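Chemist: I have a structure I would like to understand better, so I am pasting it below and will then ask my questions one at a time.
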Amino acid sequence: MAYIKIPKGWEIPENQVTPESDYINRRKFIKDLGLASAGTLLFSTSNACAQNSALEKQLAPFRAQTLAAEKNANFTVERQMTDEVIAATYNNYYEFTQSKSTVWKRVERFKTRPWEIEISGLVEKPMTLDVDDLIKMMPLEERIYRFRCVETWAMVVPWIGFPMKALLERVQPKADAKYVSMLTFFDPDVAPHQHDARLPWPYLEGLTLAEAMNDLTLLVVGIYGHILPPQHGAPIRLIVPWKYGFKSIKSIVSIELTDKKPRNFWNIILPREYDFEANVNPNVPHPRWSQATEWMIGSRERHPTLIYNGYGDAVAHLYER
Ligand SMILES: Nc1nc2c(c(=O)[nH]1)N[C@H]1C(S)=C(S)[C@@H](COP(=O)(O)O)O[C@H]1N2
Ligand SMILES: [Mo]
C-alpha cells in the first residue's frame, strides 16, 4: 500500500480523457505516461522540492515585471482562484511539447522580447507595433475569468490585458471585414515540435468580427499581476472565455481581418472533433468523451460545465439564428 501513490486531481485527467493530439502518437503517448508515473513513484518528494525551486527561478524574471492594471469588478467568479504555480505548470503549448506538465521546462530558449505584432488585411489603418508600445497604448485591466479546456480541465486566473475591440477600433475594420485571423510565431529551432511537418504550423485561430468585437474578448499580456511567462503564451495571447481553450491562441505575431472564414489549427487536424465555433457546451459531447463536467486543476473539485462557460448573458445573442 505504501507504494501506491494517490494521484492529485491535476494528475488524473491524462488517463481519463485523451488529449487533443492523441491521434498523432497513441503508442508513444502511453509509453511516456508509463515512464512518467514510474518516475513519480520513485522520486516524488525530493523531485517536488527541486521542481518548485526550478519553477520559482523560471518565473522570477517575469514576476519582477509587474503591470499596473485596474481590477475590473465586473469580472470576478465564485470559484476559488487557481494557484499561480499550478497554472504555470499545466499548459497546452504544442509548439514545445505535448506533455502539459513539462511545457514550462521546454520554453527556455523562447525569447518573447523584442516582439512585433502586425495588424493587416481589411483595415483602413494597417500597423506593425512593438508589443511594449502596444501595451503602453492600451488601457490595461485585470479580469478574473473561468477558463475551460476541451479536455475537461478548468482554471480560474486573473488575466491582464485589453479588449480586442480597443485595438480593432484603432485600425478601423473596412465594411467587408467579417473575420479575424490570428497566427502564432514560427521558429522550429526554439519550438522543437514545429519540426513535426504533419502538423499545420504555425498555429492559427480565428473569430468572427462580431466575436472579436465582443467586450469579453481580451488580448492578454499579463497574469497574476505581471507580464506573461512564456508557457502562458507571452508576450501577447488571446482569451475568449466562452470558448474551449484551443481558441485562445498564444504568442500572436499577426492579426488579419478577412472576408473569408479562417482555418484553425485543431479543425485542420481533426475536423470531426473540433469546429470553428468551439463554444463551451455541456450538452454536446466531444466524440471521445463527455463535456458534462469539468475539474479544476490543482484540486479534485468537479463542477457541472456551464453553457458558454457561464458567459451566456454576454455572448448568447451572437448565436441566435
Ligand atoms: N500557439 C498555441 N496556442 C495555444 C495552444 C497551443 O498549443 N499553441 N494550446 C491551446 C489550448 S488547447 C489551451 S487549453 C490553452 C492553454 O493555455 P494555458 O497553457 O495558458 O493554460 O492555450 C491554447 N492556445
Ligand atoms: Mo485545450
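Convention: chains lettered A, B, ... in C-alpha cells order; per-chain residue numbering from 1; ligands numbered from 1 as shown.
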Let me see if you get this right: every residue at most 6 Å from ligand 1, counting only C-alpha atoms and all ligand atoms, written as a ChimeraX atom specification.
Modeler: /A:91-95,149,184,203,232,245-246,248-250
Chemist: Set the distance at 9 Å and use only C-alpha atoms: which residues neighbour segment 209-218 of chain A once local chain neighbours fewer than 2 positions away are removed? I'd like the list as a list of chain:residue names.
Modeler: A:Trp159, A:Ile160, A:Gly161, A:Phe162, A:Pro163, A:Met164, A:Lys165, A:Ala166, A:Leu168, A:Glu169, A:Pro173, A:Ala177, A:Lys178, A:Tyr179, A:Val180, A:Gly206, A:Leu207, A:Val220, A:Arg237, A:Leu238, A:Ile239, A:Val240, A:Pro241, A:Trp242, A:Leu257, A:Tyr311, A:Ala314, A:Val315, A:Leu318
Chemist: Compare A:Ala73, A:Gln51, A:Tyr145, A:Thr208 by their minimum atom-to-atom distance to Thr89 of chain A, counting only C-alpha atoms, and give me the closest one.
Modeler: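 Between A:Ala73, A:Gln51, A:Tyr145, A:Thr208, the residue approaching Thr89 of chain A most closely is A:Gln51.
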Chemist: So the first atom is atom CA of Glu56 of chain A and the second is atom CA of Tyr244 of chain A; what is the distance between them in Å, to one decimal place?
Modeler: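 Taking atom CA of Glu56 of chain A as the start and atom CA of Tyr244 of chain A as the end point, the length is 28.8 Å.
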Chemist: Using DSSP assignments from the backbone, pull out every residue in segment 19-240 of chain A that falls under strand (DSSP E or B) and give it to me as a PyMOL selection string.
Modeler: chain A and resi 66+70-71+93+97+116-121+123+127-130+141-148+153-163+173+179-184+204-208+218-223+226-227+237-239
Chemist: Counting only C-alpha atoms, give me one row per residue of segment 224-307 of chain A with an atom at most 10 Å from an atom of segment 129-137 of chain A, showing the shortest contact pair and its distance in Å to one decimal, sorted by chain then residue number, as a tab-separated table.
Modeler:
```
residue	atom	partner	partner_atom	distance
A:Pro235	CA	A:Val131	CA	7.2
A:Ile236	CA	A:Val131	CA	7.6
A:Val253	CA	A:Val131	CA	9.5
```
Chemist: Pull C-alpha atoms from the residues just selected and write them as a compact mmCIF listing (two decimals), in the first residue's frame.
Modeler:
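Everything below was put into selection23.txt:
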```
# COMPACT_ATOMS: atom_id res chain seq x y z
CA PRO A 235 4.14 38.27 -24.91
CA ILE A 236 0.54 38.51 -26.13
CA VAL A 253 2.53 37.70 -34.35
```
Chemist: Within 10 Å of segment 100-112 of chain A, counting only C-alpha atoms, which residues qualify if same-chain residues fewer than 6 places away don't, as JSON, numbers by chain?
Modeler: {"A": [10, 11, 14, 19, 51, 54, 55, 58, 59, 86, 87, 88, 89, 90, 91, 92, 93, 94, 131, 187, 189, 190, 191, 192, 228, 229, 230, 231, 232, 233, 234, 235, 236, 251]}
Chemist: Atom CA of Arg272 of chain A and atom CA of Leu204 of chain A are how many Å apart?
Modeler: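 Going from atom CA of Arg272 of chain A over to atom CA of Leu204 of chain A covers 17.7 Å.
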Chemist: Mind pulling up the distance from atom CA of Ile255 of chain A to atom CA of Pro200 of chain A?
Modeler: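 These two atoms are separated by 17.7 Å.
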Chemist: Would you return as a VMD selection string the members of segment 104-201 of chain A that DSSP assigns to alpha helix (DSSP H) on this structure's backbone?
Modeler: chain A and resid 104 to 106 131 to 137 164 to 171
Chemist: Output the selection as an mmCIF file, in the first residue's frame - N, CA and C atoms for each residue.
Modeler:
```
data_model
loop_
_atom_site.group_PDB
_atom_site.id
_atom_site.type_symbol
_atom_site.label_atom_id
_atom_site.label_comp_id
_atom_site.auth_asym_id
_atom_site.auth_seq_id
_atom_site.Cartn_x
_atom_site.Cartn_y
_atom_site.Cartn_z
ATOM 1 N N TRP A 104 6.654 24.263 -19.184
ATOM 2 C CA TRP A 104 7.438 25.338 -18.532
ATOM 3 C C TRP A 104 8.934 25.079 -18.564
ATOM 4 N N LYS A 105 9.329 23.806 -18.687
ATOM 5 C CA LYS A 105 10.765 23.494 -18.749
ATOM 6 C C LYS A 105 11.300 23.555 -20.174
ATOM 7 N N ARG A 106 10.397 23.540 -21.142
ATOM 8 C CA ARG A 106 10.807 23.472 -22.551
ATOM 9 C C ARG A 106 10.868 24.834 -23.219
ATOM 10 N N VAL A 131 5.383 45.086 -29.168
ATOM 11 C CA VAL A 131 4.387 44.711 -28.159
ATOM 12 C C VAL A 131 4.411 45.650 -26.952
ATOM 13 N N ASP A 132 5.596 46.136 -26.563
ATOM 14 C CA ASP A 132 5.631 47.020 -25.389
ATOM 15 C C ASP A 132 5.040 48.396 -25.695
ATOM 16 N N ASP A 133 5.169 48.847 -26.961
ATOM 17 C CA ASP A 133 4.491 50.087 -27.355
ATOM 18 C C ASP A 133 2.981 49.885 -27.324
ATOM 19 N N LEU A 134 2.540 48.718 -27.802
ATOM 20 C CA LEU A 134 1.112 48.408 -27.782
ATOM 21 C C LEU A 134 0.588 48.412 -26.339
ATOM 22 N N ILE A 135 1.357 47.803 -25.439
ATOM 23 C CA ILE A 135 0.944 47.741 -24.037
ATOM 24 C C ILE A 135 0.813 49.154 -23.449
ATOM 25 N N LYS A 136 1.749 50.046 -23.841
ATOM 26 C CA LYS A 136 1.673 51.419 -23.331
ATOM 27 C C LYS A 136 0.469 52.179 -23.889
ATOM 28 N N MET A 137 0.092 51.813 -25.121
ATOM 29 C CA MET A 137 -1.007 52.485 -25.819
ATOM 30 C C MET A 137 -2.381 52.133 -25.247
ATOM 31 N N MET A 164 -9.978 43.283 -27.253
ATOM 32 C CA MET A 164 -9.518 43.291 -28.645
ATOM 33 C C MET A 164 -10.202 44.419 -29.426
ATOM 34 N N LYS A 165 -11.432 44.679 -29.015
ATOM 35 C CA LYS A 165 -12.216 45.764 -29.616
ATOM 36 C C LYS A 165 -11.433 47.090 -29.650
ATOM 37 N N ALA A 166 -10.713 47.390 -28.570
ATOM 38 C CA ALA A 166 -9.988 48.659 -28.473
ATOM 39 C C ALA A 166 -8.917 48.756 -29.563
ATOM 40 N N LEU A 167 -8.269 47.621 -29.865
ATOM 41 C CA LEU A 167 -7.251 47.618 -30.917
ATOM 42 C C LEU A 167 -7.910 47.696 -32.292
ATOM 43 N N LEU A 168 -8.998 46.934 -32.477
ATOM 44 C CA LEU A 168 -9.668 46.931 -33.791
ATOM 45 C C LEU A 168 -10.215 48.313 -34.128
ATOM 46 N N GLU A 169 -10.696 49.025 -33.110
ATOM 47 C CA GLU A 169 -11.205 50.373 -33.378
ATOM 48 C C GLU A 169 -10.096 51.290 -33.895
ATOM 49 N N ARG A 170 -8.874 51.053 -33.432
ATOM 50 C CA ARG A 170 -7.751 51.879 -33.911
ATOM 51 C C ARG A 170 -7.392 51.605 -35.359
ATOM 52 N N VAL A 171 -7.463 50.328 -35.770
ATOM 53 C CA VAL A 171 -7.080 50.018 -37.156
ATOM 54 C C VAL A 171 -8.264 50.189 -38.108
#
```
